[in-house]
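Dumped coords-v4.cif below, it's mmCIF, C-alpha atoms:
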```cif
data_coords
#
loop_
_atom_site.label_atom_id
_atom_site.label_comp_id
_atom_site.auth_asym_id
_atom_site.auth_seq_id
_atom_site.Cartn_x
_atom_site.Cartn_y
_atom_site.Cartn_z
CA MET A 1 -35.01 11.33 -13.47
CA ALA A 2 -31.79 12.45 -11.75
CA ASP A 3 -33.37 15.73 -10.72
CA SER A 4 -35.85 13.86 -8.52
CA ILE A 5 -33.27 11.78 -6.64
CA LYS A 6 -33.28 12.50 -2.91
CA LYS A 7 -30.97 11.62 -0.02
CA SER A 8 -33.85 9.57 1.37
CA HIS A 9 -33.78 7.21 -1.60
CA GLY A 10 -32.17 3.82 -1.12
CA PHE A 11 -28.57 3.20 -2.14
CA GLN A 12 -29.54 0.94 -5.06
CA THR A 13 -31.86 3.60 -6.43
CA ILE A 14 -29.16 6.26 -6.14
CA ALA A 15 -26.63 4.00 -7.88
CA VAL A 16 -28.96 3.57 -10.86
CA HIS A 17 -30.36 7.08 -11.17
CA ALA A 18 -28.10 9.76 -9.64
CA GLY A 19 -26.46 12.02 -12.21
CA ARG A 20 -28.51 10.68 -15.12
CA ASN A 21 -31.53 11.98 -17.00
CA VAL A 22 -33.43 10.58 -19.95
CA ASP A 23 -32.03 12.29 -23.05
CA PRO A 24 -34.57 15.05 -23.87
CA SER A 25 -33.97 14.99 -27.62
CA THR A 26 -34.25 11.24 -28.23
CA GLY A 27 -35.70 9.70 -25.08
CA ALA A 28 -32.60 7.50 -24.69
CA VAL A 29 -32.41 5.98 -21.21
CA ALA A 30 -28.66 5.30 -21.45
CA MET A 31 -26.64 8.49 -21.38
CA PRO A 32 -24.91 9.38 -24.69
CA ILE A 33 -21.12 9.71 -24.83
CA TYR A 34 -19.91 13.24 -25.53
CA PRO A 35 -16.34 12.91 -26.89
CA SER A 36 -16.11 16.51 -28.07
CA THR A 37 -13.10 18.39 -26.76
CA THR A 38 -14.60 21.80 -27.49
CA PHE A 39 -18.04 23.41 -27.38
CA GLU A 40 -19.67 26.22 -29.37
CA ARG A 41 -19.76 29.73 -27.96
CA ASP A 42 -22.85 31.91 -28.10
CA THR A 43 -22.81 34.81 -30.55
CA ASP A 44 -21.82 37.14 -27.72
CA GLY A 45 -18.89 34.88 -26.74
CA ALA A 46 -20.58 33.35 -23.69
CA PHE A 47 -21.16 29.63 -22.95
CA SER A 48 -24.81 29.59 -21.92
CA ARG A 49 -24.99 25.80 -22.30
CA GLY A 50 -22.40 25.35 -19.57
CA TYR A 51 -19.47 23.84 -21.48
CA SER A 52 -16.47 25.40 -23.17
CA TYR A 53 -13.53 22.93 -23.23
CA ILE A 54 -13.10 19.32 -22.12
CA ARG A 55 -10.50 20.12 -19.48
CA ASP A 56 -12.96 22.46 -17.80
CA ALA A 57 -16.07 20.27 -17.93
CA ASN A 58 -17.79 17.53 -19.91
CA PRO A 59 -21.38 16.20 -19.67
CA ASN A 60 -20.24 12.65 -18.90
CA ARG A 61 -17.84 13.79 -16.19
CA LYS A 62 -20.49 16.07 -14.70
CA ALA A 63 -22.91 13.14 -14.51
CA LEU A 64 -20.32 10.86 -12.91
CA GLU A 65 -19.34 13.49 -10.33
CA ALA A 66 -22.99 14.07 -9.42
CA CYS A 67 -23.48 10.33 -8.95
CA LEU A 68 -20.36 9.98 -6.77
CA SER A 69 -21.47 12.88 -4.56
CA ALA A 70 -24.82 11.20 -4.03
CA LEU A 71 -23.28 7.79 -3.28
CA GLU A 72 -20.89 9.16 -0.64
CA VAL A 73 -23.35 11.78 0.64
CA GLY A 74 -20.93 14.62 -0.08
CA GLU A 75 -21.44 18.10 -1.48
CA GLU A 76 -18.92 17.89 -4.31
CA ALA A 77 -17.04 15.20 -6.23
CA ILE A 78 -14.07 15.75 -8.53
CA ALA A 79 -13.10 13.01 -10.98
CA PHE A 80 -9.55 12.36 -12.18
CA SER A 81 -7.84 10.22 -14.78
CA SER A 82 -6.62 7.74 -12.14
CA GLY A 83 -6.76 6.96 -8.45
CA MET A 84 -3.22 8.25 -8.06
CA GLY A 85 -4.24 11.48 -9.78
CA ALA A 86 -6.97 11.88 -7.16
CA THR A 87 -4.49 11.11 -4.37
CA PHE A 88 -1.98 13.61 -5.76
CA SER A 89 -4.67 16.29 -5.81
CA VAL A 90 -5.19 15.93 -2.04
CA PHE A 91 -1.50 16.10 -1.12
CA GLN A 92 -0.88 19.07 -3.45
CA ILE A 93 -3.06 21.30 -1.26
CA LEU A 94 -0.26 21.16 1.34
CA SER A 95 2.62 23.61 1.63
CA PRO A 96 6.34 23.06 2.39
CA GLY A 97 6.75 22.33 6.09
CA ASP A 98 3.26 20.87 6.50
CA HIS A 99 3.01 17.50 8.21
CA VAL A 100 0.90 14.43 7.40
CA VAL A 101 0.00 11.48 9.63
CA LEU A 102 -0.61 8.22 7.73
CA HIS A 103 -1.67 4.75 8.78
CA ARG A 104 1.17 2.25 8.53
CA ASP A 105 -0.43 -0.02 5.93
CA MET A 106 -1.26 1.80 2.72
CA TYR A 107 -1.26 1.31 -1.03
CA TYR A 108 2.39 1.28 -2.01
CA GLY A 109 1.84 3.98 -4.65
CA VAL A 110 0.86 6.40 -1.87
CA ARG A 111 4.00 5.44 0.05
CA GLU A 112 6.10 6.09 -3.03
CA LEU A 113 4.37 9.43 -3.57
CA ILE A 114 4.86 10.69 -0.03
CA ASN A 115 8.45 9.40 0.25
CA GLY A 116 9.40 10.69 -3.18
CA ILE A 117 7.75 13.70 -4.78
CA PHE A 118 6.24 15.27 -1.69
CA THR A 119 9.30 14.79 0.49
CA ARG A 120 11.21 16.75 -2.15
CA TYR A 121 8.49 19.39 -1.91
CA GLY A 122 9.16 19.74 1.82
CA ILE A 123 6.10 17.85 3.07
CA GLN A 124 6.86 16.00 6.30
CA HIS A 125 5.10 12.83 7.40
CA THR A 126 4.82 10.27 10.18
CA VAL A 127 3.58 6.70 9.75
CA VAL A 128 1.72 5.19 12.70
CA ASP A 129 -0.62 2.35 13.55
CA MET A 130 -3.89 4.29 13.68
CA ARG A 131 -5.53 1.42 15.52
CA ASN A 132 -3.50 2.71 18.48
CA LEU A 133 -5.05 6.08 19.33
CA ASP A 134 -2.29 7.04 21.80
CA GLU A 135 0.34 6.47 19.11
CA THR A 136 -1.76 8.47 16.67
CA ARG A 137 -2.13 11.43 19.06
CA ALA A 138 1.59 11.36 19.85
CA ALA A 139 2.42 11.80 16.16
CA VAL A 140 0.64 15.16 15.89
CA ARG A 141 2.84 18.23 15.47
CA PRO A 142 2.02 21.94 15.30
CA GLY A 143 2.30 21.70 11.52
CA THR A 144 0.04 18.65 11.11
CA LYS A 145 -2.46 19.48 8.38
CA LEU A 146 -3.69 16.11 7.12
CA PHE A 147 -4.51 12.60 8.34
CA TRP A 148 -4.53 9.90 5.64
CA LEU A 149 -6.18 6.54 6.17
CA GLU A 150 -7.40 3.67 4.02
CA THR A 151 -9.57 1.05 5.66
CA PRO A 152 -9.63 -1.86 5.06
CA THR A 153 -5.99 -1.50 4.07
CA ASN A 154 -3.98 -2.71 1.12
CA PRO A 155 -2.57 -5.37 1.27
CA LEU A 156 -2.83 -6.45 4.93
CA ILE A 157 -6.60 -5.87 5.22
CA GLU A 158 -6.24 -4.00 8.51
CA VAL A 159 -9.41 -2.30 9.74
CA VAL A 160 -9.18 1.09 11.48
CA ALA A 161 -12.03 2.83 13.30
CA ILE A 162 -12.83 5.98 11.33
CA GLU A 163 -14.67 8.07 13.93
CA PRO A 164 -11.84 8.27 16.52
CA ILE A 165 -9.32 9.30 13.85
CA ALA A 166 -11.69 11.99 12.62
CA ALA A 167 -12.01 13.28 16.17
CA ILE A 168 -8.22 13.46 16.66
CA ALA A 169 -7.71 15.20 13.32
CA HIS A 170 -10.38 17.81 13.98
CA GLU A 171 -9.20 18.34 17.55
CA HIS A 172 -5.90 19.54 16.07
CA GLY A 173 -7.43 21.50 13.18
CA ALA A 174 -6.29 19.02 10.52
CA LEU A 175 -8.15 17.55 7.57
CA PHE A 176 -8.99 13.87 7.48
CA ALA A 177 -8.94 12.00 4.16
CA CYS A 178 -10.18 8.41 4.02
CA GLU A 179 -9.38 6.17 1.05
CA ASN A 180 -12.50 4.06 0.48
CA THR A 181 -11.63 1.96 -2.58
CA PHE A 182 -11.79 -1.48 -0.91
CA ALA A 183 -15.06 -0.87 0.92
CA THR A 184 -16.85 1.35 -1.63
CA PRO A 185 -19.80 3.50 -0.55
CA ALA A 186 -21.95 0.37 -0.82
CA LEU A 187 -20.32 -0.91 2.38
CA GLN A 188 -18.89 2.17 4.13
CA ARG A 189 -19.42 5.94 3.95
CA PRO A 190 -16.54 7.71 5.72
CA LEU A 191 -18.04 11.21 5.34
CA GLU A 192 -20.89 10.10 7.61
CA LEU A 193 -18.28 8.92 10.13
CA GLY A 194 -16.39 12.21 10.27
CA ALA A 195 -14.03 12.27 7.29
CA ASP A 196 -13.64 15.51 5.33
CA LEU A 197 -12.63 13.86 2.06
CA VAL A 198 -13.08 10.43 0.52
CA VAL A 199 -10.71 9.19 -2.20
CA HIS A 200 -11.45 6.40 -4.67
CA SER A 201 -9.68 4.53 -7.38
CA LEU A 202 -12.68 4.31 -9.70
CA THR A 203 -10.73 1.72 -11.70
CA LYS A 204 -11.66 -0.88 -9.09
CA TYR A 205 -15.12 -1.75 -7.73
CA LEU A 206 -16.98 1.33 -8.90
CA SER A 207 -16.10 0.60 -12.52
CA GLY A 208 -16.20 -3.09 -11.72
CA HIS A 209 -15.18 -4.60 -15.04
CA SER A 210 -11.41 -4.01 -15.36
CA ASP A 211 -11.89 -1.90 -18.47
CA ALA A 212 -11.76 1.75 -17.33
CA MET A 213 -9.34 3.83 -15.26
CA GLY A 214 -10.24 6.77 -13.05
CA GLY A 215 -10.13 8.31 -9.60
CA ALA A 216 -12.17 10.72 -7.53
CA VAL A 217 -12.17 12.93 -4.46
CA ILE A 218 -15.53 13.47 -2.77
CA LEU A 219 -15.78 16.30 -0.25
CA LYS A 220 -18.13 16.60 2.68
CA ARG A 221 -18.44 20.33 2.05
CA ALA A 222 -18.08 22.45 -1.06
CA GLY A 223 -15.88 25.53 -0.66
CA ASP A 224 -12.26 26.61 -0.78
CA LEU A 225 -10.81 23.13 -0.38
CA ALA A 226 -12.96 21.82 -3.22
CA HIS A 227 -11.89 24.80 -5.33
CA LYS A 228 -8.20 23.97 -4.78
CA ILE A 229 -8.70 20.37 -5.82
CA ARG A 230 -10.88 21.35 -8.79
CA ASP A 231 -8.20 23.84 -9.83
CA PHE A 232 -5.63 21.02 -9.85
CA GLN A 233 -7.97 18.91 -11.98
CA HIS A 234 -8.44 21.72 -14.50
CA ASN A 235 -5.03 23.38 -14.63
CA GLY A 236 -3.11 20.16 -14.03
CA GLY A 237 -5.03 18.48 -16.84
CA ALA A 238 -5.68 15.33 -14.83
CA VAL A 239 -9.16 14.86 -16.27
CA LEU A 240 -11.06 11.66 -16.87
CA SER A 241 -12.00 10.91 -20.48
CA PRO A 242 -15.70 10.98 -21.49
CA PHE A 243 -15.66 7.29 -22.45
CA ASP A 244 -14.11 6.23 -19.14
CA CYS A 245 -16.68 8.40 -17.31
CA TRP A 246 -19.43 6.63 -19.25
CA LEU A 247 -18.02 3.16 -18.51
CA ILE A 248 -17.60 3.88 -14.80
CA LEU A 249 -21.06 5.39 -14.50
CA ARG A 250 -22.48 2.29 -16.20
CA GLY A 251 -20.52 0.08 -13.81
CA ILE A 252 -21.91 1.91 -10.78
CA GLU A 253 -25.45 0.88 -11.76
CA SER A 254 -24.68 -2.72 -10.78
CA LEU A 255 -22.40 -1.87 -7.80
CA PRO A 256 -24.86 -2.86 -5.03
CA ALA A 257 -25.62 -6.22 -6.62
CA ARG A 258 -21.98 -6.94 -7.44
CA MET A 259 -20.80 -6.11 -3.92
CA ARG A 260 -23.25 -8.60 -2.43
CA ILE A 261 -21.72 -11.39 -4.49
CA HIS A 262 -18.13 -10.22 -3.87
CA CYS A 263 -18.80 -10.26 -0.12
CA GLU A 264 -20.60 -13.60 -0.09
CA ASN A 265 -17.84 -15.25 -2.12
CA ALA A 266 -15.04 -13.73 -0.04
CA GLN A 267 -16.62 -14.89 3.22
CA LYS A 268 -16.88 -18.49 2.03
CA ILE A 269 -13.35 -18.48 0.61
CA ALA A 270 -11.91 -16.97 3.81
CA GLU A 271 -13.59 -19.69 5.85
CA PHE A 272 -12.25 -22.38 3.51
CA LEU A 273 -8.70 -21.00 3.60
CA SER A 274 -8.69 -20.56 7.38
CA ALA A 275 -9.29 -24.30 7.75
CA HIS A 276 -6.74 -25.40 5.14
CA ALA A 277 -3.55 -27.04 6.39
CA ALA A 278 -1.39 -25.28 3.77
CA VAL A 279 -2.48 -21.81 4.92
CA SER A 280 -0.93 -20.23 8.00
CA LYS A 281 -3.02 -17.06 8.22
CA VAL A 282 -6.07 -15.49 6.60
CA ARG A 283 -6.66 -11.76 6.77
CA TYR A 284 -10.36 -11.01 6.31
CA PRO A 285 -12.56 -8.98 8.67
CA GLY A 286 -15.52 -11.28 8.10
CA LEU A 287 -13.80 -13.94 10.19
CA THR A 288 -14.79 -13.62 13.84
CA ASN A 289 -11.19 -14.12 14.98
CA ASP A 290 -9.86 -11.33 12.73
CA PRO A 291 -8.50 -8.35 14.73
CA GLY A 292 -10.64 -5.96 12.71
CA HIS A 293 -13.90 -7.92 12.90
CA ALA A 294 -15.63 -5.90 15.61
CA ILE A 295 -14.76 -2.53 14.06
CA ALA A 296 -15.73 -3.68 10.57
CA LYS A 297 -19.03 -5.02 11.86
CA ARG A 298 -19.73 -1.62 13.39
CA GLN A 299 -18.75 0.68 10.51
CA MET A 300 -19.24 -1.47 7.41
CA ARG A 301 -22.44 -2.97 5.98
CA ALA A 302 -20.56 -6.14 4.96
CA PHE A 303 -16.93 -7.25 5.01
CA GLY A 304 -15.83 -6.71 1.42
CA GLY A 305 -14.39 -8.73 -1.43
CA MET A 306 -10.68 -8.40 -0.59
CA LEU A 307 -8.65 -10.82 1.48
CA SER A 308 -5.04 -11.85 1.93
CA PHE A 309 -3.72 -15.23 2.99
CA GLU A 310 -0.29 -16.54 3.90
CA ILE A 311 1.07 -19.84 2.65
CA ARG A 312 3.06 -22.08 4.99
CA GLY A 313 6.52 -21.30 3.68
CA ALA A 314 7.85 -18.16 1.99
CA ARG A 315 8.15 -16.63 -1.48
CA ALA A 316 8.89 -19.87 -3.33
CA GLU A 317 5.84 -21.60 -1.89
CA ALA A 318 3.59 -18.60 -2.58
CA PHE A 319 4.73 -18.51 -6.21
CA LEU A 320 4.30 -22.29 -6.52
CA VAL A 321 0.68 -22.04 -5.42
CA SER A 322 -0.10 -19.07 -7.65
CA SER A 323 1.49 -20.79 -10.65
CA ARG A 324 -1.02 -23.65 -10.41
CA PHE A 325 -4.24 -21.64 -10.59
CA GLN A 326 -6.41 -22.63 -13.53
CA LEU A 327 -9.42 -20.34 -13.02
CA ILE A 328 -8.03 -17.64 -10.74
CA ILE A 329 -5.92 -15.13 -12.66
CA ARG A 330 -2.47 -13.87 -11.65
CA ALA A 331 -2.88 -10.14 -12.22
CA THR A 332 -2.66 -6.77 -10.55
CA SER A 333 -5.62 -4.53 -9.70
CA LEU A 334 -8.87 -5.57 -8.05
CA GLY A 335 -12.61 -5.09 -7.93
CA GLY A 336 -13.50 -6.63 -11.30
CA THR A 337 -15.66 -9.59 -12.19
CA HIS A 338 -12.67 -11.98 -12.36
CA THR A 339 -10.93 -13.33 -9.27
CA LEU A 340 -7.34 -12.06 -9.20
CA VAL A 341 -4.36 -13.05 -7.07
CA GLU A 342 -1.11 -11.17 -6.62
CA HIS A 343 2.12 -11.66 -4.66
CA ARG A 344 2.35 -8.17 -3.20
CA ALA A 345 5.88 -8.33 -1.75
CA SER A 346 7.43 -8.84 -5.19
CA ILE A 347 5.32 -5.97 -6.61
CA GLU A 348 5.99 -3.48 -3.85
CA GLY A 349 9.74 -3.99 -3.53
CA ALA A 350 12.10 -3.11 -0.70
CA HIS A 351 9.67 -1.05 1.40
CA THR A 352 6.81 -3.55 1.37
CA ARG A 353 5.09 -4.56 4.57
CA ALA A 354 3.66 -7.68 2.94
CA PRO A 355 5.15 -11.00 4.10
CA GLU A 356 6.85 -13.04 1.39
CA SER A 357 4.29 -15.80 1.97
CA LEU A 358 1.30 -13.50 1.36
CA LEU A 359 -1.04 -13.61 -1.62
CA ARG A 360 -3.67 -10.88 -1.98
CA MET A 361 -6.95 -11.97 -3.53
CA SER A 362 -9.65 -9.88 -5.16
CA VAL A 363 -12.59 -12.26 -5.05
CA GLY A 364 -14.69 -12.06 -8.20
CA LEU A 365 -18.19 -13.06 -9.25
CA GLU A 366 -17.57 -16.66 -10.25
CA ASP A 367 -19.33 -19.56 -8.52
CA THR A 368 -17.75 -19.95 -5.10
CA ALA A 369 -17.45 -23.73 -5.42
CA ASP A 370 -15.35 -23.35 -8.57
CA LEU A 371 -13.02 -20.88 -6.87
CA ILE A 372 -12.61 -23.13 -3.83
CA ASP A 373 -11.85 -26.11 -6.08
CA ASP A 374 -9.17 -24.09 -7.84
CA LEU A 375 -7.65 -22.96 -4.55
CA ASP A 376 -7.66 -26.48 -3.18
CA GLN A 377 -5.94 -28.05 -6.16
CA ALA A 378 -3.30 -25.28 -6.17
CA LEU A 379 -2.60 -25.63 -2.45
CA THR A 380 -2.06 -29.36 -2.78
CA ALA A 381 1.05 -28.55 -4.86
CA LEU A 382 2.93 -27.70 -1.70
CA PRO A 383 5.41 -30.30 -0.45
CA GLY A 384 3.81 -32.85 1.84
CA SER A 385 6.07 -31.79 4.69
CA LEU A 386 4.20 -28.47 4.87
CA LEU A 387 0.76 -30.05 5.15
#
```
Please rewrite the model in this file as structure tokens.
Amino acid sequence: MADSIKKSHGFQTIAVHAGRNVDPSTGAVAMPIYPSTTFERDTDGAFSRGYSYIRDANPNRKALEACLSALEVGEEAIAFSSGMGATFSVFQILSPGDHVVLHRDMYYGVRELINGIFTRYGIQHTVVDMRNLDETRAAVRPGTKLFWLETPTNPLIEVVAIEPIAAIAHEHGALFACENTFATPALQRPLELGADLVVHSLTKYLSGHSDAMGGAVILKRAGDLAHKIRDFQHNGGAVLSPFDCWLILRGIESLPARMRIHCENAQKIAEFLSAHAAVSKVRYPGLTNDPGHAIAKRQMRAFGGMLSFEIRGARAEAFLVSSRFQLIIRATSLGGTHTLVEHRASIEGAHTRAPESLLRMSVGLEDTADLIDDLDQALTALPGSLL
């Protein structure tokens, strides 16, 4: 029963049980889907059963939010219709003239958001390499209100130590938001390392099956900040549908098991690629020579299912390799059961930090040997002069 779940329970137990109860009327173990947009009032006009309208609350969303809070060890979680909706909700708490410090490598949608909409709103920002603490401190201004970090990063898989950034942010009275989509709470819990907020694209690993879209903000403390973000969810209408809540909550049940396979597969593939003559660089913190290895080993439980690798050559060679995959799928997004590859520079456009030779890989749940065979046959397509 969800009511009996404790913080002392193991992560796998929390993933399966938190937010759920056996249905009292039928005994159903799987939670029903409640698609209703409206709920009956009491005869006196009140809503004693806790629900009035879908934009305000829904049983499936309430269950998902309770589960996310438990997974990240936060006091409140707020679910949105997409990861970008969740991201927008954090930045909208700022006022004109406020300043944000961001790590240099970030999901390009966040870069577009901060350079576009929020610049027009008068929000100022500075992009730094947060692995350099002196550079990070130097970026702080009197109006700095928020630090934004994702680690490991997208698409360069840079790893940033969370605790020192939290300390700098709090020293200057700023909030610290950590985007935790790549790592998931199965591997990393930023709130325990000093973050004030954690942001997820639920579309990715938490859903885990490439069939539902959602996002979430989990807060270390309930209170005024949570109220502002909840108000944006309600009044902005950026709510997650009951069916998507149900799908994501179902996906979370297998998250611990899936992440073990993602990590095991990614480690073996990174090792294979790092020894391949057609590959010039592999970015994966599970490799002992990766710049982020020591930090990842300290703050993550395993090294994740995301990696990037650079082909010897440029865009043409990267596209040639990706065109030859037979099992690996050329597609955007990540965190599902299928292994996906994407040429990020062509997706991100003029402001990308991704090299033209880089392919980002979301390693799936297939047999590792089959994935390595597919990579090997695709890499042999490169001209012999490159090998």
TODO: Translate the PyMOL selection byres ((chain A and resi 274) around 12), as applied to the file shown, into an explicit residue set as a ChimeraX atom specification.
DONE: /A:266-273,275-284,286-290,307-311
- [ ] Kindly indicate which residue among A:Thr151, A:Ser8, A:Ser201, A:Thr332 lies nearest to Ile165 in chain A, using only C-alpha atoms for the distances.
- [x] A:Thr151
Task: Residue contacts of range 79-85 of chain A (6 Å, all atoms listed in the file) excluding same-chain residues fewer than 4 positions away, as number ranges by chain - done: A: 201, 213-216, 238-240
- [ ] Kindly give the distance, in Å, that separates CA of Pro291 in chain A and CA of Ala186 in chain A, rounded to a single decimal.
- [x]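 Distance between the two atoms: 22.3 Å.
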Open item on the list: I'd like the residues picked by the PyMOL selection byres ((chain A and resi 139) around 8) written out as a VMD selection string, using the chain letters and numbers from the file.
Closed with: chain A and resid 101 126 128 135 to 138 140 to 141
Task: Atom-to-atom span, CA of Ile114 in chain A and CA of Val90 in chain A, Å - done: 11.5 Å
